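J.: The structure under discussion is supplied below as C-alpha coordinates; questions concerning it will follow.
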Amino acid sequence: MTDVTKSSGASQGGSILSSGLDDILEPSPGSLMRKRIFGHTGLVIGGGVLLIILLMAILAPVISPGDPYDQDLSRKLIPPVWHESAKVTWDHPLGTDLLGRDYMTRIFYGARISLLIGFAAMMISGLIGTTLGVLAGYFGGKVDMVVNFIITTRLSLPVVLVALAVVSLIGSSLTVVIWVLGLLIWDRFAVVMRSATQQVRGLDFVAAAQSLGCSTRHIILSEIMPNVANHLIVIATIEMAHAILLEAALSFLGLGVQPPDPSWGLMIAEAKGMLFFDAWLITIPGVALFALVLSINLLGDGMRDVTAPENRN
(Lines give C-alpha, C1' and ligand atoms only; values in the text may rest on other atoms or scores of the structure.)
Protein backbone atom coordinates (compact mmCIF):
# COMPACT_ATOMS: atom_id res chain seq x y z
CA MET A 1 0.00 0.00 0.00
CA THR A 2 2.90 2.32 0.83
CA ASP A 3 4.57 1.56 -2.51
CA VAL A 4 1.37 2.41 -4.36
CA THR A 5 1.09 5.69 -2.49
CA LYS A 6 4.71 6.55 -3.23
CA SER A 7 4.21 5.68 -6.88
CA SER A 8 1.09 7.84 -7.06
CA GLY A 9 2.86 10.73 -5.33
CA ALA A 10 5.83 10.42 -7.66
CA SER A 11 3.51 10.38 -10.66
CA GLN A 12 1.71 13.50 -9.46
CA GLY A 13 5.01 15.20 -8.69
CA GLY A 14 6.30 14.36 -12.17
CA SER A 15 3.10 15.66 -13.72
CA ILE A 16 3.36 18.94 -11.78
CA LEU A 17 7.06 19.27 -12.70
CA SER A 18 6.28 18.60 -16.39
CA SER A 19 3.48 21.16 -16.35
CA GLY A 20 5.79 23.69 -14.73
CA LEU A 21 8.48 23.06 -17.34
CA ASP A 22 5.93 23.53 -20.13
CA ASP A 23 5.00 26.90 -18.67
CA ILE A 24 8.64 27.91 -18.25
CA LEU A 25 9.72 26.67 -21.70
CA GLU A 26 6.81 28.23 -23.57
CA PRO A 27 7.81 29.04 -27.19
CA SER A 28 9.02 32.57 -27.75
CA PRO A 29 7.05 34.96 -30.00
CA GLY A 30 9.82 34.72 -32.59
CA SER A 31 9.65 30.93 -32.76
CA LEU A 32 5.85 31.05 -33.00
CA MET A 33 6.10 33.57 -35.87
CA ARG A 34 8.63 31.37 -37.69
CA LYS A 35 6.36 28.38 -37.24
CA ARG A 36 3.40 30.28 -38.70
CA ILE A 37 5.49 31.59 -41.61
CA PHE A 38 6.97 28.24 -42.64
CA GLY A 39 3.66 26.48 -41.99
CA HIS A 40 1.81 28.70 -44.48
CA THR A 41 2.03 27.09 -47.92
CA GLY A 42 1.01 30.15 -49.92
CA LEU A 43 3.49 32.39 -48.11
CA VAL A 44 6.36 29.96 -48.63
CA ILE A 45 5.59 29.45 -52.33
CA GLY A 46 5.00 33.15 -53.02
CA GLY A 47 8.07 34.23 -51.07
CA GLY A 48 10.22 31.57 -52.73
CA VAL A 49 9.19 32.49 -56.27
CA LEU A 50 9.56 36.21 -55.56
CA LEU A 51 13.00 35.63 -54.04
CA ILE A 52 14.09 33.74 -57.17
CA ILE A 53 12.88 36.56 -59.43
CA LEU A 54 14.54 39.15 -57.18
CA LEU A 55 17.86 37.28 -57.28
CA MET A 56 17.47 36.90 -61.03
CA ALA A 57 17.07 40.67 -61.35
CA ILE A 58 19.95 41.54 -59.01
CA LEU A 59 22.36 39.03 -60.53
CA ALA A 60 21.35 39.69 -64.14
CA PRO A 61 24.77 41.08 -65.17
CA VAL A 62 26.48 37.99 -63.72
CA ILE A 63 24.19 35.14 -64.82
CA SER A 64 23.01 36.50 -68.18
CA PRO A 65 24.46 34.75 -71.25
CA GLY A 66 24.84 38.03 -73.15
CA ASP A 67 23.90 41.68 -73.49
CA PRO A 68 20.15 42.54 -73.57
CA TYR A 69 20.74 45.10 -76.35
CA ASP A 70 23.12 43.02 -78.50
CA GLN A 71 21.48 42.43 -81.92
CA ASP A 72 22.50 39.92 -84.56
CA LEU A 73 20.01 39.27 -87.39
CA SER A 74 21.94 36.18 -88.44
CA ARG A 75 20.75 34.41 -85.30
CA LYS A 76 17.17 35.70 -85.10
CA LEU A 77 14.29 33.47 -84.00
CA ILE A 78 16.42 30.65 -82.60
CA PRO A 79 13.94 28.42 -80.71
CA PRO A 80 14.34 27.48 -77.02
CA VAL A 81 16.29 24.30 -76.19
CA TRP A 82 13.13 22.20 -75.72
CA HIS A 83 12.20 22.64 -79.40
CA GLU A 84 13.17 20.02 -81.94
CA SER A 85 15.03 22.19 -84.39
CA ALA A 86 18.44 22.21 -85.96
CA LYS A 87 18.86 25.86 -84.92
CA VAL A 88 18.60 25.09 -81.20
CA THR A 89 21.74 25.94 -79.21
CA TRP A 90 22.62 26.07 -75.53
CA ASP A 91 24.26 29.43 -76.17
CA HIS A 92 20.68 30.77 -76.16
CA PRO A 93 18.66 28.47 -73.83
CA LEU A 94 15.42 30.47 -74.27
CA GLY A 95 16.11 31.32 -77.90
CA THR A 96 16.37 34.73 -79.55
CA ASP A 97 13.86 37.34 -80.69
CA LEU A 98 13.14 38.98 -84.04
CA LEU A 99 16.34 41.03 -83.82
CA GLY A 100 18.57 38.19 -82.67
CA ARG A 101 18.74 39.32 -79.03
CA ASP A 102 19.14 36.63 -76.38
CA TYR A 103 15.73 36.01 -74.79
CA MET A 104 17.01 34.73 -71.43
CA THR A 105 19.10 37.86 -70.99
CA ARG A 106 16.14 40.11 -71.78
CA ILE A 107 13.93 38.16 -69.35
CA PHE A 108 16.51 38.65 -66.58
CA TYR A 109 16.86 42.37 -67.22
CA GLY A 110 13.09 42.72 -67.72
CA ALA A 111 12.62 41.50 -64.13
CA ARG A 112 14.56 44.57 -63.01
CA ILE A 113 12.18 46.92 -64.79
CA SER A 114 9.03 45.19 -63.55
CA LEU A 115 10.21 45.07 -59.93
CA LEU A 116 11.43 48.67 -60.01
CA ILE A 117 8.18 50.00 -61.47
CA GLY A 118 6.02 47.90 -59.15
CA PHE A 119 7.91 48.86 -55.99
CA ALA A 120 8.37 52.55 -56.82
CA ALA A 121 4.73 53.05 -57.91
CA MET A 122 3.53 51.20 -54.80
CA MET A 123 5.64 53.43 -52.53
CA ILE A 124 4.36 56.64 -54.14
CA SER A 125 0.72 55.55 -54.11
CA GLY A 126 1.07 54.09 -50.61
CA LEU A 127 2.43 57.34 -49.19
CA ILE A 128 -0.40 59.35 -50.73
CA GLY A 129 -3.23 56.94 -49.98
CA THR A 130 -2.13 55.98 -46.47
CA THR A 131 -1.71 59.61 -45.45
CA LEU A 132 -5.16 60.58 -46.72
CA GLY A 133 -6.85 57.47 -45.30
CA VAL A 134 -5.34 57.74 -41.83
CA LEU A 135 -6.08 61.46 -41.56
CA ALA A 136 -9.69 60.92 -42.66
CA GLY A 137 -10.19 57.96 -40.33
CA TYR A 138 -8.63 59.62 -37.29
CA PHE A 139 -10.02 63.17 -37.49
CA GLY A 140 -13.36 62.49 -39.21
CA GLY A 141 -15.70 65.43 -39.77
CA LYS A 142 -14.67 67.95 -42.41
CA VAL A 143 -11.33 66.23 -43.00
CA ASP A 144 -13.18 63.00 -43.77
CA MET A 145 -15.55 64.85 -46.13
CA VAL A 146 -12.68 66.42 -48.06
CA VAL A 147 -10.79 63.13 -48.34
CA ASN A 148 -13.94 61.31 -49.44
CA PHE A 149 -14.45 63.92 -52.14
CA ILE A 150 -10.86 63.45 -53.35
CA ILE A 151 -11.27 59.66 -53.35
CA THR A 152 -14.57 59.90 -55.26
CA THR A 153 -12.97 62.19 -57.82
CA ARG A 154 -10.10 59.76 -58.28
CA LEU A 155 -12.46 56.77 -58.63
CA SER A 156 -14.32 58.57 -61.40
CA LEU A 157 -11.14 58.58 -63.52
CA PRO A 158 -10.36 55.32 -65.39
CA VAL A 159 -6.72 54.52 -64.62
CA VAL A 160 -5.73 53.07 -67.99
CA LEU A 161 -7.31 55.85 -70.06
CA VAL A 162 -5.82 58.60 -67.89
CA ALA A 163 -2.40 56.92 -67.98
CA LEU A 164 -2.61 56.59 -71.76
CA ALA A 165 -3.59 60.25 -72.14
CA VAL A 166 -0.86 61.55 -69.83
CA VAL A 167 1.89 59.38 -71.31
CA SER A 168 0.89 60.26 -74.87
CA LEU A 169 0.93 63.99 -74.02
CA ILE A 170 4.20 64.30 -72.09
CA GLY A 171 6.07 61.37 -73.60
CA SER A 172 6.96 57.96 -72.28
CA SER A 173 9.95 56.94 -70.19
CA LEU A 174 10.62 54.76 -67.17
CA THR A 175 10.40 57.73 -64.79
CA VAL A 176 7.17 59.03 -66.33
CA VAL A 177 5.52 55.61 -66.13
CA ILE A 178 6.46 55.25 -62.44
CA TRP A 179 5.08 58.66 -61.49
CA VAL A 180 1.91 58.32 -63.56
CA LEU A 181 1.08 54.95 -62.02
CA GLY A 182 2.03 56.07 -58.52
CA LEU A 183 -0.26 59.09 -58.75
CA LEU A 184 -3.20 57.06 -60.07
CA ILE A 185 -3.46 53.91 -57.93
CA TRP A 186 -3.53 55.29 -54.38
CA ASP A 187 -7.32 55.08 -53.93
CA ARG A 188 -7.38 51.54 -52.50
CA PHE A 189 -4.81 52.54 -49.89
CA ALA A 190 -6.97 55.51 -48.86
CA VAL A 191 -10.24 53.55 -48.64
CA VAL A 192 -8.84 50.61 -46.66
CA MET A 193 -6.69 52.70 -44.30
CA ARG A 194 -9.59 55.06 -43.60
CA SER A 195 -11.81 52.15 -42.59
CA ALA A 196 -9.08 50.45 -40.53
CA THR A 197 -8.19 53.69 -38.74
CA GLN A 198 -11.84 54.35 -37.86
CA GLN A 199 -12.01 50.90 -36.22
CA VAL A 200 -8.80 51.37 -34.22
CA ARG A 201 -9.52 54.99 -33.24
CA GLY A 202 -12.31 53.99 -30.85
CA LEU A 203 -10.32 51.36 -28.92
CA ASP A 204 -9.24 51.80 -25.30
CA PHE A 205 -5.49 52.17 -25.85
CA VAL A 206 -6.06 55.16 -28.16
CA ALA A 207 -8.33 56.79 -25.59
CA ALA A 208 -5.70 56.13 -22.92
CA ALA A 209 -2.99 57.78 -25.02
CA GLN A 210 -5.25 60.78 -25.61
CA SER A 211 -6.03 61.09 -21.88
CA LEU A 212 -2.29 61.04 -21.11
CA GLY A 213 -1.83 64.05 -23.37
CA CYS A 214 0.12 62.27 -26.15
CA SER A 215 0.47 64.26 -29.34
CA THR A 216 -1.56 63.44 -32.42
CA ARG A 217 1.63 62.47 -34.25
CA HIS A 218 2.57 60.03 -31.49
CA ILE A 219 -0.89 58.47 -31.42
CA ILE A 220 -1.01 58.00 -35.19
CA LEU A 221 2.53 56.67 -35.58
CA SER A 222 2.85 54.64 -32.35
CA GLU A 223 -0.68 53.54 -31.55
CA ILE A 224 -2.66 53.39 -34.79
CA MET A 225 -0.14 52.50 -37.52
CA PRO A 226 1.18 49.29 -35.85
CA ASN A 227 -2.40 48.05 -35.50
CA VAL A 228 -3.32 48.63 -39.14
CA ALA A 229 -0.01 47.39 -40.57
CA ASN A 230 -1.42 44.02 -41.65
CA HIS A 231 -4.03 45.81 -43.80
CA LEU A 232 -1.28 48.00 -45.24
CA ILE A 233 0.84 44.97 -46.18
CA VAL A 234 -1.97 43.35 -48.13
CA ILE A 235 -2.86 46.52 -50.02
CA ALA A 236 0.81 47.21 -50.78
CA THR A 237 1.25 43.80 -52.41
CA ILE A 238 -2.00 44.15 -54.36
CA GLU A 239 -1.01 47.57 -55.67
CA MET A 240 2.52 46.46 -56.51
CA ALA A 241 1.11 43.65 -58.64
CA HIS A 242 -1.45 46.07 -60.10
CA ALA A 243 1.30 48.52 -61.09
CA ILE A 244 3.31 45.77 -62.78
CA LEU A 245 0.29 44.70 -64.83
CA LEU A 246 -0.53 48.31 -65.78
CA GLU A 247 3.06 48.88 -66.92
CA ALA A 248 2.86 45.73 -69.02
CA ALA A 249 -0.41 46.96 -70.55
CA LEU A 250 1.04 50.38 -71.35
CA SER A 251 4.18 48.82 -72.83
CA PHE A 252 2.03 46.45 -74.88
CA LEU A 253 0.21 49.49 -76.31
CA GLY A 254 3.52 51.21 -77.04
CA LEU A 255 3.14 53.91 -74.39
CA GLY A 256 5.08 52.36 -71.53
CA VAL A 257 8.75 51.52 -71.36
CA GLN A 258 10.25 52.28 -74.76
CA PRO A 259 12.50 50.08 -76.93
CA PRO A 260 15.13 48.80 -76.66
CA ASP A 261 14.61 48.41 -72.89
CA PRO A 262 13.67 44.79 -72.07
CA SER A 263 10.21 45.23 -70.53
CA TRP A 264 8.14 42.05 -70.34
CA GLY A 265 5.05 43.88 -71.65
CA LEU A 266 7.10 45.30 -74.52
CA MET A 267 8.49 41.83 -75.31
CA ILE A 268 4.92 40.52 -75.58
CA ALA A 269 3.96 43.45 -77.83
CA GLU A 270 6.95 42.92 -80.11
CA ALA A 271 6.08 39.24 -80.51
CA LYS A 272 2.31 39.51 -81.04
CA GLY A 273 2.71 39.15 -84.80
CA MET A 274 4.43 35.78 -84.29
CA LEU A 275 1.72 34.28 -82.08
CA PHE A 276 0.72 31.56 -84.57
CA PHE A 277 4.27 30.83 -85.74
CA ASP A 278 6.58 31.12 -82.72
CA ALA A 279 4.25 31.21 -79.71
CA TRP A 280 7.14 30.87 -77.25
CA LEU A 281 8.06 34.50 -77.93
CA ILE A 282 4.87 35.51 -76.09
CA THR A 283 4.63 32.53 -73.74
CA ILE A 284 8.00 33.06 -72.00
CA PRO A 285 7.53 36.70 -70.93
CA GLY A 286 3.85 35.99 -70.27
CA VAL A 287 4.68 33.16 -67.88
CA ALA A 288 7.34 35.33 -66.19
CA LEU A 289 4.79 38.12 -65.70
CA PHE A 290 2.19 35.66 -64.39
CA ALA A 291 4.67 34.11 -61.93
CA LEU A 292 5.75 37.51 -60.59
CA VAL A 293 2.22 38.83 -60.05
CA LEU A 294 1.01 35.54 -58.53
CA SER A 295 3.97 35.33 -56.14
CA ILE A 296 3.40 38.90 -54.93
CA ASN A 297 -0.28 38.20 -54.27
CA LEU A 298 0.48 34.91 -52.47
CA LEU A 299 3.08 36.68 -50.34
CA GLY A 300 0.62 39.43 -49.43
CA ASP A 301 -2.14 37.00 -48.49
CA GLY A 302 0.30 34.93 -46.44
CA MET A 303 1.62 37.97 -44.58
CA ARG A 304 -1.94 39.01 -43.79
CA ASP A 305 -2.67 35.57 -42.35
CA VAL A 306 0.43 35.30 -40.16
CA THR A 307 0.17 38.87 -38.84
CA ALA A 308 -3.59 38.87 -38.18
CA PRO A 309 -4.43 39.62 -34.52
CA GLU A 310 -6.20 36.28 -34.01
CA ASN A 311 -2.99 34.44 -35.02
CA ARG A 312 -0.68 36.21 -32.56
CA ASN A 313 -1.50 34.11 -29.53
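In the C-alpha coordinates, chains take letters A, B, ... by order of appearance, with residues numbered from 1 within each chain and ligands from 1 in the order shown.
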Taking only C-alpha atoms into account, produce a table as a tab-separated table in which each residue of range 73-163 of chain A with an atom at most 10 Å from an atom of range 221-232 of chain A appears once, together with its shortest atom pair and the distance in Å to one decimal, ordered by chain and rising number.

T.:
residue	atom	partner	partner_atom	distance
A:Gly126	CA	A:Leu232	CA	8.4
A:Thr130	CA	A:Leu232	CA	8.1
A:Val134	CA	A:Met225	CA	8.5
A:Tyr138	CA	A:Ile224	CA	9.0

J.: Skipping near chain neighbours, those fewer than 2 positions away, what residues fall within 7 Å of range 235-252 of chain A using only C-alpha atoms, listed as number ranges by chain?

T.: A: 114, 117-119, 121-122, 126, 181, 189, 231-233, 254-257, 264-266, 268-269, 293, 296-297, 300

J.: Record the distance separating CA of Leu32 in chain A and CA of Thr307 in chain A, expressed in Å with one decimal.

T.: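 Separation of CA of Leu32 in chain A and CA of Thr307 in chain A: 11.3 Å.
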
J.: For Ile78 in chain A, which residue among A:Pro93, A:Gly286, A:Gly137, A:Gly302 is the nearest when counting only C-alpha atoms?

T.: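 Using only C-alpha atoms, Ile78 in chain A sits closest to A:Pro93.
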
J.: Give me the residues near range 105-110 of chain A as a list of chain:residue names, where near means some atom within 6 Å (using only C-alpha atoms) and where sequence neighbours in that chain fewer than 3 positions away do not count.

T.: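 Listing them by chain and then by number gives A:Met56, A:Ala57, A:Ala60, A:Ser64, A:Pro68, A:Asp102, A:Ile113, A:Pro262, A:Ser263, A:Trp264.
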
J.: Can I get the selection written as a tab-separated table (two decimals), in the first residue's frame, with all heavy atoms?

T.:
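Written output follows (part.tsv):
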chain	number	residue	atom	x	y	z
A	56	MET	N	17.27	36.87	-59.58
A	56	MET	CA	17.47	36.90	-61.03
A	56	MET	C	17.69	38.33	-61.52
A	56	MET	O	18.55	38.59	-62.37
A	56	MET	CB	16.25	36.28	-61.71
A	56	MET	CG	16.33	36.12	-63.20
A	56	MET	SD	14.88	35.21	-63.81
A	56	MET	CE	13.59	36.43	-63.60
A	57	ALA	N	16.92	39.27	-60.96
A	57	ALA	CA	17.07	40.67	-61.35
A	57	ALA	C	18.38	41.27	-60.85
A	57	ALA	O	19.08	41.98	-61.58
A	57	ALA	CB	15.88	41.48	-60.82
A	60	ALA	N	21.46	39.73	-62.67
A	60	ALA	CA	21.35	39.69	-64.14
A	60	ALA	C	22.68	39.92	-64.86
A	60	ALA	O	23.00	39.18	-65.81
A	60	ALA	CB	20.30	40.69	-64.61
A	64	SER	N	23.55	36.39	-66.82
A	64	SER	CA	23.01	36.50	-68.18
A	64	SER	C	24.02	35.98	-69.20
A	64	SER	O	25.23	36.23	-69.08
A	64	SER	CB	22.67	37.95	-68.51
A	64	SER	OG	21.65	38.43	-67.67
A	68	PRO	N	21.56	42.45	-73.16
A	68	PRO	CA	20.15	42.54	-73.57
A	68	PRO	C	19.93	43.39	-74.81
A	68	PRO	O	18.86	43.32	-75.42
A	68	PRO	CB	19.47	43.16	-72.34
A	68	PRO	CG	20.55	43.89	-71.63
A	68	PRO	CD	21.79	43.09	-71.85
A	102	ASP	N	19.32	37.79	-77.24
A	102	ASP	CA	19.14	36.63	-76.38
A	102	ASP	C	17.92	36.82	-75.47
A	102	ASP	O	17.83	37.81	-74.73
A	102	ASP	CB	20.39	36.39	-75.54
A	102	ASP	CG	20.28	35.14	-74.69
A	102	ASP	OD1	20.42	34.05	-75.25
A	102	ASP	OD2	20.02	35.28	-73.48
A	113	ILE	N	13.12	45.84	-64.47
A	113	ILE	CA	12.18	46.92	-64.79
A	113	ILE	C	10.84	46.70	-64.11
A	113	ILE	O	10.26	47.62	-63.52
A	113	ILE	CB	12.02	47.03	-66.31
A	113	ILE	CG1	13.32	47.53	-66.95
A	113	ILE	CG2	10.87	47.96	-66.68
A	113	ILE	CD1	13.29	47.62	-68.45
A	262	PRO	N	14.29	46.13	-72.07
A	262	PRO	CA	13.67	44.79	-72.07
A	262	PRO	C	12.50	44.67	-71.10
A	262	PRO	O	12.56	43.95	-70.10
A	262	PRO	CB	14.83	43.88	-71.66
A	262	PRO	CG	15.68	44.73	-70.79
A	262	PRO	CD	15.56	46.13	-71.32
A	263	SER	N	11.42	45.38	-71.34
A	263	SER	CA	10.21	45.23	-70.53
A	263	SER	C	9.45	44.00	-70.97
A	263	SER	O	9.34	43.71	-72.17
A	263	SER	CB	9.33	46.48	-70.67
A	263	SER	OG	8.01	46.23	-70.23
A	264	TRP	N	8.88	43.26	-69.99
A	264	TRP	CA	8.14	42.05	-70.34
A	264	TRP	C	6.90	42.39	-71.17
A	264	TRP	O	6.58	41.66	-72.12
A	264	TRP	CB	7.74	41.31	-69.07
A	264	TRP	CG	8.91	40.66	-68.39
A	264	TRP	CD1	10.16	40.46	-68.92
A	264	TRP	CD2	8.95	40.13	-67.07
A	264	TRP	NE1	10.97	39.84	-68.00
A	264	TRP	CE2	10.26	39.62	-66.86
A	264	TRP	CE3	8.02	40.03	-66.04
A	264	TRP	CZ2	10.64	39.02	-65.66
A	264	TRP	CZ3	8.41	39.44	-64.85
A	264	TRP	CH2	9.70	38.93	-64.65

J.: Which residues are near range 277-284 of chain A? Cut-off 10 Å, only C-alpha atoms, ignore same chain within fewer than 2 positions. Put them as a PyMOL selection string.

T.: chain A and resi 77-80+83+94-98+103-104+107+264-265+267-275+286-290

J.: Residues of the last selection are to be written out with N, CA, C and O atoms, as a tab-separated table (two decimals), in the first residue's frame.

T.:
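Saved file result-v3.tsv follows:
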chain	number	residue	atom	x	y	z
A	77	LEU	N	15.31	34.51	-84.15
A	77	LEU	CA	14.29	33.47	-84.00
A	77	LEU	C	14.87	32.07	-83.81
A	77	LEU	O	14.36	31.09	-84.36
A	78	ILE	N	15.94	31.97	-83.02
A	78	ILE	CA	16.42	30.65	-82.60
A	78	ILE	C	15.47	30.13	-81.54
A	78	ILE	O	15.20	30.82	-80.55
A	79	PRO	N	14.92	28.93	-81.68
A	79	PRO	CA	13.94	28.42	-80.71
A	79	PRO	C	14.61	28.07	-79.38
A	79	PRO	O	15.83	27.89	-79.30
A	80	PRO	N	13.80	27.94	-78.31
A	80	PRO	CA	14.34	27.48	-77.02
A	80	PRO	C	14.85	26.04	-77.12
A	80	PRO	O	14.55	25.32	-78.09
A	83	HIS	N	12.74	22.83	-78.05
A	83	HIS	CA	12.20	22.64	-79.40
A	83	HIS	C	13.07	21.66	-80.17
A	83	HIS	O	14.29	21.60	-79.98
A	94	LEU	N	16.82	30.08	-74.02
A	94	LEU	CA	15.42	30.47	-74.27
A	94	LEU	C	15.23	31.04	-75.67
A	94	LEU	O	14.19	31.63	-75.97
A	95	GLY	N	16.23	30.87	-76.53
A	95	GLY	CA	16.11	31.32	-77.90
A	95	GLY	C	16.46	32.80	-78.07
A	95	GLY	O	16.99	33.45	-77.16
A	96	THR	N	16.13	33.32	-79.23
A	96	THR	CA	16.37	34.73	-79.55
A	96	THR	C	15.11	35.33	-80.16
A	96	THR	O	14.22	34.61	-80.62
A	97	ASP	N	15.05	36.68	-80.17
A	97	ASP	CA	13.86	37.34	-80.69
A	97	ASP	C	14.03	37.73	-82.15
A	97	ASP	O	14.95	37.25	-82.84
A	98	LEU	N	13.14	38.59	-82.63
A	98	LEU	CA	13.14	38.98	-84.04
A	98	LEU	C	14.40	39.72	-84.47
A	98	LEU	O	14.71	39.78	-85.66
A	103	TYR	N	16.99	35.86	-75.51
A	103	TYR	CA	15.73	36.01	-74.79
A	103	TYR	C	15.91	35.83	-73.29
A	103	TYR	O	15.25	36.50	-72.50
A	104	MET	N	16.78	34.92	-72.86
A	104	MET	CA	17.01	34.73	-71.43
A	104	MET	C	17.58	36.00	-70.81
A	104	MET	O	17.16	36.41	-69.72
A	107	ILE	N	14.84	38.53	-70.45
A	107	ILE	CA	13.93	38.16	-69.35
A	107	ILE	C	14.55	38.57	-68.02
A	107	ILE	O	13.88	39.13	-67.14
A	264	TRP	N	8.88	43.26	-69.99
A	264	TRP	CA	8.14	42.05	-70.34
A	264	TRP	C	6.90	42.39	-71.17
A	264	TRP	O	6.58	41.66	-72.12
A	265	GLY	N	6.21	43.47	-70.84
A	265	GLY	CA	5.05	43.88	-71.65
A	265	GLY	C	5.47	44.25	-73.05
A	265	GLY	O	4.78	43.93	-74.03
A	267	MET	N	8.10	43.07	-74.63
A	267	MET	CA	8.49	41.83	-75.31
A	267	MET	C	7.25	41.11	-75.87
A	267	MET	O	7.29	40.56	-76.97
A	268	ILE	N	6.17	41.14	-75.10
A	268	ILE	CA	4.92	40.52	-75.58
A	268	ILE	C	4.39	41.29	-76.78
A	268	ILE	O	3.93	40.70	-77.77
A	269	ALA	N	4.45	42.63	-76.71
A	269	ALA	CA	3.96	43.45	-77.83
A	269	ALA	C	4.78	43.22	-79.09
A	269	ALA	O	4.23	43.13	-80.19
A	270	GLU	N	6.09	43.13	-78.95
A	270	GLU	CA	6.95	42.92	-80.11
A	270	GLU	C	6.73	41.56	-80.76
A	270	GLU	O	6.95	41.41	-81.96
A	271	ALA	N	6.25	40.59	-79.99
A	271	ALA	CA	6.08	39.24	-80.51
A	271	ALA	C	4.65	38.91	-80.91
A	271	ALA	O	4.39	37.78	-81.35
A	272	LYS	N	3.72	39.85	-80.79
A	272	LYS	CA	2.31	39.51	-81.04
A	272	LYS	C	2.06	39.08	-82.48
A	272	LYS	O	1.15	38.30	-82.76
A	273	GLY	N	2.87	39.57	-83.41
A	273	GLY	CA	2.71	39.15	-84.80
A	273	GLY	C	3.17	37.74	-85.08
A	273	GLY	O	2.86	37.18	-86.13
A	274	MET	N	3.91	37.14	-84.12
A	274	MET	CA	4.43	35.78	-84.29
A	274	MET	C	3.65	34.76	-83.47
A	274	MET	O	4.13	33.65	-83.27
A	275	LEU	N	2.48	35.13	-82.99
A	275	LEU	CA	1.72	34.28	-82.08
A	275	LEU	C	1.45	32.90	-82.67
A	275	LEU	O	1.57	31.88	-81.99
A	286	GLY	N	5.16	36.08	-70.89
A	286	GLY	CA	3.85	35.99	-70.27
A	286	GLY	C	3.87	35.15	-69.01
A	286	GLY	O	3.28	35.52	-67.99
A	287	VAL	N	4.56	34.01	-69.06
A	287	VAL	CA	4.68	33.16	-67.88
A	287	VAL	C	5.48	33.86	-66.79
A	287	VAL	O	5.15	33.77	-65.60
A	288	ALA	N	6.54	34.58	-67.18
A	288	ALA	CA	7.34	35.33	-66.19
A	288	ALA	C	6.49	36.38	-65.50
A	288	ALA	O	6.54	36.54	-64.26
A	289	LEU	N	5.67	37.09	-66.26
A	289	LEU	CA	4.79	38.12	-65.70
A	289	LEU	C	3.75	37.50	-64.78
A	289	LEU	O	3.48	37.99	-63.67
A	290	PHE	N	3.17	36.39	-65.21
A	290	PHE	CA	2.19	35.66	-64.39
A	290	PHE	C	2.81	35.20	-63.07
A	290	PHE	O	2.21	35.35	-62.00

J.: May I ask which of the residues A:Ser172, A:Ala111, A:Lys87, A:Arg101 is the closest one to Pro65 in chain A, counting only C-alpha atoms?

T.: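 Residue with the minimum atom-to-atom distance to Pro65 in chain A: A:Arg101.
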